[in-house]
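S.K.: Okay, here's the structure, questions in a sec.
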Amino acid sequence: MPKQNNRTEKYITIPFSPSRLARRNRQLATLMEMSSWLVKTENVCELMEGCLDIVMSRFKMDTGRLYAVSEDRTFLELRAHRGMDVTGLERIKFGEGFTGKAALTKSFLAQHVRDLEDSERARILRSRGIRVVICVPLLVAGRLEGVMNLGCRKAIRLSQERVDLLMALGQQVAVALSHCRLLGQLGKKVEELHDRKEVIKLFASSISHDLKGPIIAAYGFARRLLVRCRGMLDNKGQFYCEQIMKSCQAAMELLEQINALVHTREMPMRLEDIPLDAVVQEVCEELSEICEGLGVTVRTACHLPVIVADRIMITRALRNLIQNAIKHGGADVIEVGCDETPSHYVIWVRDNGQGIPEEAQKDLFKPFHVLFSPGSNRTSSGSGLGLSVVREVAERHNGSTWVHSKPGCGSTFHVSIKKVKTSACGSNKKALF
C-alpha cells in the first residue's frame with residue numbers, strides 16, 4: 001500500500017487497459033469483448049453476426065453458422081453464417097446432422113469431417129477443405145437457445161480451457177438470444193395492448209356520441225309528458241315519468257364521466273399558471289344551485305397558490321371532488337385548501353360528513369366504484385368514475401391521490417401535483433418537470 005503522511009491509504013488506484021488484459025488473460029479479454037458487443041444492439045441478426053465474427057476470429061475458424069431455436073422449439077433457424085454456402089441448411093431439425101445432434105443432446109461436439117455419419121455432407125465439406133467441425137450448444141439455465149457450428153481447414157487442438165471458453169461464450173450468446181426473444185414477446189404484448197386501448201377509446205367515444213341523442217330524447221319526452229299530461233296521470237304515472245328523467249340524468253352523467261376519463265388520459269397537456277382560488281370560485285358558481293338546495297357551504301380554508309398545471313384537468317378534478325363531497329359526504333361544510341411539499345402542491349377537499357369506513361377506502365379511486373353510505377342524507381347514486389378521473393388528473397401531473405377519513409369524523413381527499421418551472425414564450429408556456 002502506498003503511504004502518505006505516515007498513514008496507510010484505504011484504497012489504491014490501478015489503471016485498467018483492455019489491450020494489456022488481452023496479453024495477460026486472453027480468455028477473459030474474449031469474454032469481455034463478447035459482453036461488450038452483446039449490449040450494442042437489439043437486432044438479432046446483427047447481434048449474431050457480431051458474435052460469430054468474434055468467435056471465428058479468436059479461435060481462427062474458417063466457417064461458422066449460428067442457429068437459434070424456433071418459436072415452437074421444433075427446429076433450428078439460421079441467424080448468421082460466414083465462410084460457406086448455406087443453401088439447404090437454413091432450417092435443421094433436432095437430431096438432424098451434426099448440428100441437430102448437438103441440439104438434441106445439448107452437448108459440445110467436435111469431430112473430424114471424415115468421421116461424419118452423413119457421407120454426402122462429409123464429401124461437400126472435404127471438397128471445401130474443411131477438416132474439423134465443432135458444435136457448441138447455446139445454453140442458459142439448462143435451456144437450449146441455439147447452436148453454434150464452426151469449421152476449420154486444419155487440425156486443431158482442443159484443450160479443456162478452449163472448450164470451457166467456447167461453452168462460456170455460448171452461454172453469453174444464449175442469454176442474449178433469450179433476452180431478444182423476451183423483448184420480441186414484450187413488443188407483441190405492447191402492440192396488442194395498444195390495439196385494445198385504441199378499440200376501447202373508439203368504443204367509449206362511440207357510445208358517448210351515439211347514446212347521447214336517445215337519452216336526451218327520452219328525457220325530453222318524459223318531461224313533456226309530465227308537464228302536459230300531469231292532470232291526466234295518477235300518482236304512479238307521475239312517479240314513472242320522474243324516474244325516467246332521473247335515469248336519463250344518471251346516464252348522461254355516466255357518459256360525461258366516460259368522456260372525461262378518456263380525454264384526461266389521452267388529451268395533450270397544456271400547462272399554464274392557474275390561480276386555484278379562481279378555479280374554486282368557478283366550480284362553486286357551477287354548483288351553487290345544488291349547494292343552496294342541500295344547505296351546503298363551500299369555502300377556502302387557506303390562501304390558495306398559483307400553480308402550473310393543465311387548467312381543464314385541474315378544474316375537472318376539483319369539480320369532481322366537491323361534487324363527491326356534496327353528493328356522498330353528508331356534509332354541510334366543505335373546505336378546499338392546498339399544502340406544499342418541496343416537490344408537490346397538495347390540493348385537498350375536506351367535509352364534515354359521516355366519513356368512510358377504512359375497508360372501503362382502498363377502492364375509492366377505482367373505476368365504477370360507488371360507495372353506499374347508509375347514514376347519508378344524500379343520494380348514493382353516481383357514475384363511479386368521478387374519483388377515477390381525479391386519479392388520472394393527478395397521475396398526468398406526476399402526482400397521486402389518497403384519502404384520510406374516519407366514520408363520524410368527515411373525509412379529506414388529497415390530490416398532489418408536481419411542481420414545475422415554466423418559461424414564458426408568447427401565450428404558451430414550456431413546462432419542465
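In the C-alpha cells, each chain is lettered A, B, ... as it comes, each chain's residues begin at 1, and ligands are numbered from 1 in order of appearance.
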DSSP on the backbone, then: every residue of segment 35-132 of chain A marked helix (DSSP H, G or I), written as an NGL selection string.

M.R.: :A and (35-38 or 44-59 or 97-105 or 113-115 or 119-127)

S.K.: Quick one: write out the picked residues with N, CA and C atoms as a short mmCIF file (atom, residue, chain, number, x, y, z; two decimals), in the first residue's frame?

M.R.:
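Okay, this is what ended up in again_10.cif:
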data_model
loop_
_atom_site.label_atom_id
_atom_site.label_comp_id
_atom_site.auth_asym_id
_atom_site.auth_seq_id
_atom_site.Cartn_x
_atom_site.Cartn_y
_atom_site.Cartn_z
N SER A 35 -19.15 -9.67 -24.21
CA SER A 35 -20.14 -8.97 -23.38
C SER A 35 -20.39 -7.55 -23.89
N SER A 36 -19.32 -6.87 -24.28
CA SER A 36 -19.46 -5.51 -24.78
C SER A 36 -20.27 -5.48 -26.07
N TRP A 37 -20.05 -6.47 -26.92
CA TRP A 37 -20.78 -6.49 -28.19
C TRP A 37 -22.27 -6.78 -27.98
N LEU A 38 -22.57 -7.66 -27.04
CA LEU A 38 -23.95 -8.11 -26.86
C LEU A 38 -24.89 -7.00 -26.37
N VAL A 44 -31.49 -9.10 -33.77
CA VAL A 44 -30.99 -10.46 -33.55
C VAL A 44 -29.94 -10.83 -34.59
N CYS A 45 -30.21 -10.57 -35.86
CA CYS A 45 -29.28 -10.96 -36.92
C CYS A 45 -27.94 -10.23 -36.76
N GLU A 46 -28.00 -8.93 -36.53
CA GLU A 46 -26.78 -8.16 -36.33
C GLU A 46 -26.02 -8.64 -35.10
N LEU A 47 -26.76 -8.96 -34.04
CA LEU A 47 -26.16 -9.46 -32.81
C LEU A 47 -25.42 -10.77 -33.06
N MET A 48 -26.08 -11.69 -33.76
CA MET A 48 -25.49 -13.00 -34.01
C MET A 48 -24.30 -12.93 -34.95
N GLU A 49 -24.37 -12.07 -35.96
CA GLU A 49 -23.25 -11.92 -36.89
C GLU A 49 -22.01 -11.43 -36.16
N GLY A 50 -22.19 -10.46 -35.26
CA GLY A 50 -21.05 -9.96 -34.48
C GLY A 50 -20.48 -11.02 -33.57
N CYS A 51 -21.35 -11.81 -32.94
CA CYS A 51 -20.88 -12.90 -32.07
C CYS A 51 -20.06 -13.91 -32.85
N LEU A 52 -20.56 -14.26 -34.03
CA LEU A 52 -19.86 -15.24 -34.87
C LEU A 52 -18.50 -14.72 -35.29
N ASP A 53 -18.44 -13.45 -35.63
CA ASP A 53 -17.15 -12.85 -36.03
C ASP A 53 -16.14 -12.92 -34.90
N ILE A 54 -16.58 -12.63 -33.66
CA ILE A 54 -15.67 -12.66 -32.52
C ILE A 54 -15.14 -14.07 -32.30
N VAL A 55 -16.03 -15.06 -32.30
CA VAL A 55 -15.61 -16.45 -32.05
C VAL A 55 -14.67 -16.94 -33.15
N MET A 56 -15.03 -16.69 -34.42
CA MET A 56 -14.20 -17.18 -35.53
C MET A 56 -12.83 -16.51 -35.52
N SER A 57 -12.78 -15.25 -35.15
CA SER A 57 -11.51 -14.54 -35.10
C SER A 57 -10.64 -15.07 -33.96
N ARG A 58 -11.20 -15.25 -32.79
CA ARG A 58 -10.40 -15.67 -31.63
C ARG A 58 -9.94 -17.12 -31.74
N PHE A 59 -10.75 -17.96 -32.38
CA PHE A 59 -10.40 -19.39 -32.48
C PHE A 59 -9.89 -19.77 -33.87
N GLY A 97 -28.30 -34.36 -38.57
CA GLY A 97 -26.91 -33.99 -38.79
C GLY A 97 -26.17 -33.71 -37.50
N PHE A 98 -24.95 -33.17 -37.69
CA PHE A 98 -24.08 -32.90 -36.55
C PHE A 98 -24.65 -31.78 -35.67
N THR A 99 -25.18 -30.74 -36.32
CA THR A 99 -25.74 -29.61 -35.57
C THR A 99 -26.99 -30.01 -34.81
N GLY A 100 -27.86 -30.75 -35.47
CA GLY A 100 -29.09 -31.21 -34.83
C GLY A 100 -28.82 -32.15 -33.68
N LYS A 101 -27.76 -32.94 -33.80
CA LYS A 101 -27.39 -33.85 -32.72
C LYS A 101 -26.93 -33.08 -31.48
N ALA A 102 -26.16 -32.00 -31.70
CA ALA A 102 -25.71 -31.17 -30.58
C ALA A 102 -26.92 -30.52 -29.89
N ALA A 103 -27.92 -30.13 -30.70
CA ALA A 103 -29.13 -29.53 -30.14
C ALA A 103 -29.92 -30.54 -29.33
N LEU A 104 -30.05 -31.74 -29.86
CA LEU A 104 -30.84 -32.77 -29.20
C LEU A 104 -30.21 -33.21 -27.88
N THR A 105 -28.90 -33.33 -27.87
CA THR A 105 -28.20 -33.82 -26.68
C THR A 105 -27.71 -32.71 -25.76
N VAL A 113 -14.15 -34.34 -40.10
CA VAL A 113 -15.14 -34.44 -41.17
C VAL A 113 -15.22 -35.84 -41.73
N ARG A 114 -14.08 -36.51 -41.82
CA ARG A 114 -14.06 -37.86 -42.40
C ARG A 114 -14.88 -38.86 -41.60
N ASP A 115 -15.16 -38.53 -40.31
CA ASP A 115 -15.90 -39.45 -39.45
C ASP A 115 -17.39 -39.11 -39.35
N SER A 119 -22.41 -39.06 -45.10
CA SER A 119 -21.29 -39.16 -46.06
C SER A 119 -21.36 -38.06 -47.11
N GLU A 120 -22.56 -37.70 -47.56
CA GLU A 120 -22.70 -36.65 -48.57
C GLU A 120 -22.27 -35.31 -48.00
N ARG A 121 -22.69 -35.05 -46.76
CA ARG A 121 -22.29 -33.80 -46.12
C ARG A 121 -20.79 -33.77 -45.91
N ALA A 122 -20.21 -34.93 -45.52
CA ALA A 122 -18.76 -35.01 -45.32
C ALA A 122 -18.02 -34.74 -46.63
N ARG A 123 -18.57 -35.26 -47.75
CA ARG A 123 -17.92 -35.05 -49.06
C ARG A 123 -17.91 -33.57 -49.43
N ILE A 124 -19.04 -32.89 -49.19
CA ILE A 124 -19.14 -31.46 -49.52
C ILE A 124 -18.15 -30.65 -48.68
N LEU A 125 -18.06 -30.96 -47.38
CA LEU A 125 -17.14 -30.23 -46.51
C LEU A 125 -15.70 -30.48 -46.90
N ARG A 126 -15.36 -31.74 -47.24
CA ARG A 126 -14.00 -32.04 -47.65
C ARG A 126 -13.63 -31.31 -48.94
N SER A 127 -14.62 -31.19 -49.84
CA SER A 127 -14.35 -30.50 -51.10
C SER A 127 -14.03 -29.02 -50.87
#

S.K.: Which residues, written as a list in words, have at least one atom at most 9 Å from segment 342-348 of chain A, with only C-alpha atoms counted and residues fewer than 2 positions away on the same chain left out?

M.R.: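 Answer for this query is Leu304, Pro305, Ile307, Leu318, Leu321, Glu335, Val336, Gly337, Cys338, Asp339, Glu340, Arg350, Gly399, Thr412, Phe413, His414, Val415, Ser416, Ile417, Lys418, Lys419 and Val420 of chain A.
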
S.K.: Residues near segment 168-184 of chain A, anyone? I mean within 10 Å using only C-alpha atoms, not counting same-chain ones fewer than 4 positions away, as a PyMOL selection string.

M.R.: chain A and resi 27+30-32+34-35+38-39+41-44+47-48+51-52+54-55+66+68-69+71+136-148+162-164+188-190

S.K.: Grab the residues selected above and save them as a tab-separated table (two decimals), in the first residue's frame with N, CA and C atoms.

M.R.:
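Below is the file result_20.tsv, written as the result:
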chain	number	residue	atom	x	y	z
A	27	GLN	N	-8.40	-15.30	-22.55
A	27	GLN	CA	-9.75	-15.84	-22.39
A	27	GLN	C	-10.69	-14.80	-21.76
A	30	THR	N	-11.52	-12.10	-24.17
A	30	THR	CA	-12.52	-12.53	-25.17
A	30	THR	C	-13.93	-12.46	-24.59
A	31	LEU	N	-14.09	-12.91	-23.35
A	31	LEU	CA	-15.39	-12.83	-22.70
A	31	LEU	C	-15.86	-11.39	-22.56
A	32	MET	N	-14.95	-10.49	-22.22
A	32	MET	CA	-15.31	-9.09	-22.08
A	32	MET	C	-15.68	-8.48	-23.43
A	34	MET	N	-16.98	-10.09	-25.96
A	34	MET	CA	-18.30	-10.61	-26.31
A	34	MET	C	-19.39	-9.88	-25.51
A	35	SER	N	-19.15	-9.67	-24.21
A	35	SER	CA	-20.14	-8.97	-23.38
A	35	SER	C	-20.39	-7.55	-23.89
A	38	LEU	N	-22.57	-7.66	-27.04
A	38	LEU	CA	-23.95	-8.11	-26.86
A	38	LEU	C	-24.89	-7.00	-26.37
A	39	VAL	N	-24.36	-5.92	-25.84
A	39	VAL	CA	-25.22	-4.83	-25.36
A	39	VAL	C	-25.35	-3.71	-26.38
A	41	THR	N	-26.69	-3.84	-29.57
A	41	THR	CA	-27.83	-3.84	-30.48
A	41	THR	C	-28.89	-4.82	-30.00
A	42	GLU	N	-30.13	-4.57	-30.41
A	42	GLU	CA	-31.23	-5.49	-30.11
A	42	GLU	C	-31.66	-6.25	-31.36
A	43	ASN	N	-31.02	-5.96	-32.51
A	43	ASN	CA	-31.32	-6.66	-33.74
A	43	ASN	C	-30.67	-8.04	-33.69
A	44	VAL	N	-31.49	-9.10	-33.77
A	44	VAL	CA	-30.99	-10.46	-33.55
A	44	VAL	C	-29.94	-10.83	-34.59
A	47	LEU	N	-26.76	-8.96	-34.04
A	47	LEU	CA	-26.16	-9.46	-32.81
A	47	LEU	C	-25.42	-10.77	-33.06
A	48	MET	N	-26.08	-11.69	-33.76
A	48	MET	CA	-25.49	-13.00	-34.01
A	48	MET	C	-24.30	-12.93	-34.95
A	51	CYS	N	-21.35	-11.81	-32.94
A	51	CYS	CA	-20.88	-12.90	-32.07
A	51	CYS	C	-20.06	-13.91	-32.85
A	52	LEU	N	-20.56	-14.26	-34.03
A	52	LEU	CA	-19.86	-15.24	-34.87
A	52	LEU	C	-18.50	-14.72	-35.29
A	54	ILE	N	-16.58	-12.63	-33.66
A	54	ILE	CA	-15.67	-12.66	-32.52
A	54	ILE	C	-15.14	-14.07	-32.30
A	55	VAL	N	-16.03	-15.06	-32.30
A	55	VAL	CA	-15.61	-16.45	-32.05
A	55	VAL	C	-14.67	-16.94	-33.15
A	66	LEU	N	-24.59	-19.87	-37.07
A	66	LEU	CA	-25.20	-19.68	-35.76
A	66	LEU	C	-26.70	-19.84	-35.91
A	68	ALA	N	-30.64	-20.32	-34.04
A	68	ALA	CA	-31.49	-20.06	-32.87
A	68	ALA	C	-32.67	-21.03	-32.91
A	69	VAL	N	-33.14	-21.44	-31.75
A	69	VAL	CA	-34.28	-22.33	-31.67
A	69	VAL	C	-35.53	-21.58	-32.14
A	71	GLU	N	-39.59	-20.54	-32.58
A	71	GLU	CA	-40.58	-20.18	-31.56
A	71	GLU	C	-41.29	-21.41	-31.00
A	136	VAL	N	-21.28	-26.04	-30.70
A	136	VAL	CA	-21.38	-25.54	-29.33
A	136	VAL	C	-22.86	-25.27	-29.03
A	137	PRO	N	-23.45	-25.99	-28.09
A	137	PRO	CA	-24.86	-25.69	-27.72
A	137	PRO	C	-24.93	-24.37	-26.96
A	138	LEU	N	-25.93	-23.58	-27.28
A	138	LEU	CA	-26.12	-22.29	-26.62
A	138	LEU	C	-27.14	-22.50	-25.51
A	139	LEU	N	-26.64	-22.61	-24.28
A	139	LEU	CA	-27.48	-22.99	-23.14
A	139	LEU	C	-27.53	-21.87	-22.11
A	140	VAL	N	-28.71	-21.66	-21.53
A	140	VAL	CA	-28.85	-20.75	-20.40
A	140	VAL	C	-29.81	-21.41	-19.41
A	141	ALA	N	-29.31	-21.65	-18.20
A	141	ALA	CA	-30.08	-22.33	-17.15
A	141	ALA	C	-30.61	-23.67	-17.65
A	142	GLY	N	-29.78	-24.39	-18.44
A	142	GLY	CA	-30.16	-25.70	-18.95
A	142	GLY	C	-31.12	-25.67	-20.12
A	143	ARG	N	-31.52	-24.50	-20.58
A	143	ARG	CA	-32.46	-24.37	-21.70
A	143	ARG	C	-31.69	-24.06	-22.97
A	144	LEU	N	-31.98	-24.83	-24.02
A	144	LEU	CA	-31.30	-24.63	-25.30
A	144	LEU	C	-31.90	-23.43	-26.03
A	145	GLU	N	-31.02	-22.49	-26.43
A	145	GLU	CA	-31.45	-21.33	-27.20
A	145	GLU	C	-30.94	-21.38	-28.63
A	146	GLY	N	-29.97	-22.26	-28.92
A	146	GLY	CA	-29.45	-22.36	-30.27
A	146	GLY	C	-28.20	-23.21	-30.31
A	147	VAL	N	-27.54	-23.22	-31.47
A	147	VAL	CA	-26.30	-23.99	-31.66
A	147	VAL	C	-25.36	-23.17	-32.53
A	148	MET	N	-24.08	-23.18	-32.17
A	148	MET	CA	-23.06	-22.54	-32.99
A	148	MET	C	-22.21	-23.62	-33.66
A	162	ARG	N	-9.98	-24.36	-23.80
A	162	ARG	CA	-10.63	-23.83	-25.00
A	162	ARG	C	-12.10	-24.27	-25.07
A	163	VAL	N	-12.36	-25.51	-24.68
A	163	VAL	CA	-13.76	-25.99	-24.65
A	163	VAL	C	-14.56	-25.18	-23.63
A	164	ASP	N	-13.98	-24.93	-22.46
A	164	ASP	CA	-14.66	-24.15	-21.43
A	164	ASP	C	-14.96	-22.75	-21.93
A	188	LYS	N	-44.74	-7.55	-28.82
A	188	LYS	CA	-46.05	-8.00	-29.32
A	188	LYS	C	-47.15	-7.70	-28.32
A	189	LYS	N	-46.85	-7.94	-27.02
A	189	LYS	CA	-47.85	-7.66	-25.99
A	189	LYS	C	-48.18	-6.17	-25.95
A	190	VAL	N	-47.14	-5.35	-26.10
A	190	VAL	CA	-47.36	-3.90	-26.08
A	190	VAL	C	-48.24	-3.49	-27.26

S.K.: Might you pull out every residue within 10 Å of Val283 of chain A, with only C-alpha atoms counted and same-chain residues fewer than 2 positions away left off, and present them as a PyMOL selection string?

M.R.: chain A and resi 277-281+285-288+298+315-316+318-320+322-323

S.K.: Print the selection's residues with N, CA and C atoms to a file, as a PDB file, in the first residue's frame.

M.R.:
ATOM      1  N   ASP A 277     -57.643  29.788  -6.471  1.00  0.00           N
ATOM      2  CA  ASP A 277     -58.841  30.406  -5.911  1.00  0.00           C
ATOM      3  C   ASP A 277     -59.871  30.720  -6.995  1.00  0.00           C
ATOM      4  N   ALA A 278     -59.398  31.106  -8.198  1.00  0.00           N
ATOM      5  CA  ALA A 278     -60.318  31.386  -9.298  1.00  0.00           C
ATOM      6  C   ALA A 278     -61.011  30.114  -9.771  1.00  0.00           C
ATOM      7  N   VAL A 279     -60.279  28.999  -9.793  1.00  0.00           N
ATOM      8  CA  VAL A 279     -60.866  27.726 -10.217  1.00  0.00           C
ATOM      9  C   VAL A 279     -61.924  27.280  -9.214  1.00  0.00           C
ATOM     10  N   VAL A 280     -61.623  27.403  -7.916  1.00  0.00           N
ATOM     11  CA  VAL A 280     -62.591  27.011  -6.884  1.00  0.00           C
ATOM     12  C   VAL A 280     -63.848  27.871  -6.982  1.00  0.00           C
ATOM     13  N   GLN A 281     -63.672  29.173  -7.189  1.00  0.00           N
ATOM     14  CA  GLN A 281     -64.824  30.069  -7.325  1.00  0.00           C
ATOM     15  C   GLN A 281     -65.674  29.684  -8.532  1.00  0.00           C
ATOM     16  N   GLU A 285     -69.585  28.387  -8.336  1.00  0.00           N
ATOM     17  CA  GLU A 285     -70.674  29.037  -9.071  1.00  0.00           C
ATOM     18  C   GLU A 285     -71.478  28.017  -9.871  1.00  0.00           C
ATOM     19  N   GLU A 286     -70.786  27.043 -10.462  1.00  0.00           N
ATOM     20  CA  GLU A 286     -71.477  25.987 -11.217  1.00  0.00           C
ATOM     21  C   GLU A 286     -72.398  25.177 -10.314  1.00  0.00           C
ATOM     22  N   LEU A 287     -71.938  24.933  -9.072  1.00  0.00           N
ATOM     23  CA  LEU A 287     -72.669  24.038  -8.173  1.00  0.00           C
ATOM     24  C   LEU A 287     -73.521  24.795  -7.158  1.00  0.00           C
ATOM     25  N   SER A 288     -73.657  26.109  -7.325  1.00  0.00           N
ATOM     26  CA  SER A 288     -74.339  26.922  -6.319  1.00  0.00           C
ATOM     27  C   SER A 288     -75.787  26.496  -6.104  1.00  0.00           C
ATOM     28  N   VAL A 298     -69.496  25.851   0.659  1.00  0.00           N
ATOM     29  CA  VAL A 298     -68.142  25.537   0.197  1.00  0.00           C
ATOM     30  C   VAL A 298     -67.284  26.773   0.403  1.00  0.00           C
ATOM     31  N   THR A 315     -59.547  21.816 -13.111  1.00  0.00           N
ATOM     32  CA  THR A 315     -60.943  22.190 -12.879  1.00  0.00           C
ATOM     33  C   THR A 315     -61.822  20.954 -12.768  1.00  0.00           C
ATOM     34  N   ARG A 316     -61.584  20.001 -13.645  1.00  0.00           N
ATOM     35  CA  ARG A 316     -62.358  18.760 -13.627  1.00  0.00           C
ATOM     36  C   ARG A 316     -62.158  18.011 -12.317  1.00  0.00           C
ATOM     37  N   LEU A 318     -61.195  19.229  -9.311  1.00  0.00           N
ATOM     38  CA  LEU A 318     -61.827  19.932  -8.193  1.00  0.00           C
ATOM     39  C   LEU A 318     -63.343  19.809  -8.248  1.00  0.00           C
ATOM     40  N   ARG A 319     -63.909  19.915  -9.437  1.00  0.00           N
ATOM     41  CA  ARG A 319     -65.367  19.774  -9.572  1.00  0.00           C
ATOM     42  C   ARG A 319     -65.807  18.404  -9.075  1.00  0.00           C
ATOM     43  N   ASN A 320     -65.086  17.357  -9.484  1.00  0.00           N
ATOM     44  CA  ASN A 320     -65.468  16.001  -9.079  1.00  0.00           C
ATOM     45  C   ASN A 320     -65.333  15.804  -7.567  1.00  0.00           C
ATOM     46  N   ILE A 322     -65.491  18.148  -5.162  1.00  0.00           N
ATOM     47  CA  ILE A 322     -66.522  18.907  -4.451  1.00  0.00           C
ATOM     48  C   ILE A 322     -67.891  18.261  -4.657  1.00  0.00           C
ATOM     49  N   GLN A 323     -68.174  17.834  -5.893  1.00  0.00           N
ATOM     50  CA  GLN A 323     -69.443  17.124  -6.144  1.00  0.00           C
ATOM     51  C   GLN A 323     -69.521  15.857  -5.316  1.00  0.00           C
TER      52      GLN A 323
END

S.K.: Can you list, as a compact mmCIF listing (two decimals) with N, CA and C atoms, in the first residue's frame, all residues belonging to segment 205-402 of chain A that DSSP tags as strand (DSSP E)?

M.R.:
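The result, stored in out-v9.txt:
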# COMPACT_ATOMS: atom_id res chain seq x y z
N LEU A 271 -49.86 23.27 -20.14
CA LEU A 271 -49.54 23.79 -18.82
C LEU A 271 -49.54 25.32 -18.83
N GLU A 272 -50.12 25.88 -17.78
CA GLU A 272 -50.17 27.34 -17.65
C GLU A 272 -50.29 27.68 -16.18
N ASP A 273 -50.10 28.97 -15.87
CA ASP A 273 -50.27 29.44 -14.49
C ASP A 273 -51.77 29.47 -14.17
N ILE A 274 -52.13 28.79 -13.07
CA ILE A 274 -53.55 28.69 -12.69
C ILE A 274 -53.73 29.20 -11.27
N PRO A 275 -54.50 30.29 -11.07
CA PRO A 275 -54.85 30.70 -9.70
C PRO A 275 -55.92 29.75 -9.16
N THR A 297 -72.27 24.62 2.38
CA THR A 297 -71.39 25.77 2.17
C THR A 297 -70.01 25.29 1.75
N VAL A 298 -69.50 25.85 0.66
CA VAL A 298 -68.14 25.54 0.20
C VAL A 298 -67.28 26.77 0.40
N ARG A 299 -66.13 26.60 1.08
CA ARG A 299 -65.27 27.75 1.35
C ARG A 299 -63.81 27.32 1.28
N THR A 300 -62.93 28.30 1.09
CA THR A 300 -61.50 28.03 1.10
C THR A 300 -60.99 28.16 2.53
N VAL A 306 -50.92 30.01 -6.82
CA VAL A 306 -50.95 29.87 -8.28
C VAL A 306 -50.06 28.69 -8.63
N ILE A 307 -50.60 27.72 -9.31
CA ILE A 307 -49.83 26.53 -9.67
C ILE A 307 -49.71 26.44 -11.19
N VAL A 308 -48.77 25.63 -11.64
CA VAL A 308 -48.60 25.38 -13.08
C VAL A 308 -49.17 24.00 -13.38
N ALA A 309 -50.23 23.97 -14.18
CA ALA A 309 -50.90 22.70 -14.48
C ALA A 309 -51.79 22.90 -15.69
N ASP A 310 -52.49 21.84 -16.06
CA ASP A 310 -53.48 21.92 -17.13
C ASP A 310 -54.80 22.39 -16.51
N VAL A 333 -70.60 21.57 5.48
CA VAL A 333 -69.48 22.47 5.22
C VAL A 333 -68.39 21.71 4.48
N ILE A 334 -67.95 22.28 3.37
CA ILE A 334 -66.87 21.70 2.57
C ILE A 334 -65.76 22.73 2.44
N GLU A 335 -64.53 22.35 2.79
CA GLU A 335 -63.39 23.27 2.74
C GLU A 335 -62.41 22.81 1.66
N VAL A 336 -61.83 23.77 0.98
CA VAL A 336 -60.81 23.50 -0.04
C VAL A 336 -59.53 24.20 0.38
N GLY A 337 -58.42 23.47 0.35
CA GLY A 337 -57.13 24.06 0.73
C GLY A 337 -56.00 23.49 -0.09
N CYS A 338 -54.81 23.98 0.18
CA CYS A 338 -53.63 23.50 -0.56
C CYS A 338 -52.40 23.61 0.34
N ASP A 339 -51.68 22.51 0.48
CA ASP A 339 -50.41 22.48 1.20
C ASP A 339 -49.27 22.34 0.20
N GLU A 340 -48.05 22.53 0.67
CA GLU A 340 -46.89 22.40 -0.21
C GLU A 340 -45.85 21.48 0.41
N HIS A 344 -44.15 19.02 -4.49
CA HIS A 344 -45.54 18.94 -4.94
C HIS A 344 -46.42 19.99 -4.23
N TYR A 345 -47.47 20.38 -4.94
CA TYR A 345 -48.62 21.02 -4.31
C TYR A 345 -49.61 19.91 -3.96
N VAL A 346 -50.21 20.01 -2.78
CA VAL A 346 -51.19 19.01 -2.36
C VAL A 346 -52.53 19.71 -2.14
N ILE A 347 -53.41 19.59 -3.12
CA ILE A 347 -54.75 20.18 -3.03
C ILE A 347 -55.64 19.23 -2.25
N TRP A 348 -56.43 19.76 -1.33
CA TRP A 348 -57.31 18.89 -0.55
C TRP A 348 -58.72 19.47 -0.44
N VAL A 349 -59.68 18.55 -0.35
CA VAL A 349 -61.08 18.91 -0.17
C VAL A 349 -61.59 18.14 1.05
N ARG A 350 -62.04 18.91 2.07
CA ARG A 350 -62.43 18.29 3.35
C ARG A 350 -63.93 18.54 3.60
N ASP A 351 -64.60 17.52 4.10
CA ASP A 351 -66.00 17.69 4.50
C ASP A 351 -66.17 17.26 5.95
N THR A 401 -53.17 10.37 -5.51
CA THR A 401 -54.38 10.69 -4.75
C THR A 401 -54.48 9.79 -3.53
N TRP A 402 -55.09 10.30 -2.47
CA TRP A 402 -55.34 9.48 -1.29
C TRP A 402 -56.44 10.16 -0.45

S.K.: I'd like to know which of A:His397, A:His194, A:Lys406, A:Arg391 is closest to Glu358 of chain A, using only C-alpha atoms.

M.R.: A:Lys406

S.K.: Would you list the contacts of Arg131 of chain A as a ChimeraX atom specification, taking every protein, DNA or RNA residue within 6 Å and counting only C-alpha atoms, but skipping same-chain residues closer than 5 positions in sequence?

M.R.: /A:112-113,153-154

S.K.: Could those selected residues go to a file with N, CA and C atoms, as a PDB file, in the first residue's frame?

M.R.:
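Writing the result to again-v2.pdb gives the following:
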ATOM      1  N   HIS A 112     -13.783 -35.010 -36.646  1.00  0.00           N
ATOM      2  CA  HIS A 112     -13.172 -34.900 -37.971  1.00  0.00           C
ATOM      3  C   HIS A 112     -14.248 -35.098 -39.019  1.00  0.00           C
ATOM      4  N   VAL A 113     -14.146 -34.343 -40.097  1.00  0.00           N
ATOM      5  CA  VAL A 113     -15.142 -34.435 -41.168  1.00  0.00           C
ATOM      6  C   VAL A 113     -15.217 -35.844 -41.727  1.00  0.00           C
ATOM      7  N   ARG A 153     -10.115 -25.608 -41.522  1.00  0.00           N
ATOM      8  CA  ARG A 153      -9.453 -26.302 -42.626  1.00  0.00           C
ATOM      9  C   ARG A 153      -8.187 -27.028 -42.187  1.00  0.00           C
ATOM     10  N   LYS A 154      -7.841 -26.918 -40.933  1.00  0.00           N
ATOM     11  CA  LYS A 154      -6.666 -27.631 -40.437  1.00  0.00           C
ATOM     12  C   LYS A 154      -7.002 -28.257 -39.089  1.00  0.00           C
TER      13      LYS A 154
END

S.K.: For each of A:Ala360, A:Cys135, A:Lys327, A:Glu198, take the minimum atom-to-atom distance to Met167 of chain A, counting only C-alpha atoms, then give the residue where this is smallest.

M.R.: A:Cys135

S.K.: Check the smallest atom-to-atom distance from each of A:Leu150, A:Ile216, A:Ile258, A:Val403 to Thr63 of chain A using only C-alpha atoms, then report the winner.

M.R.: A:Leu150
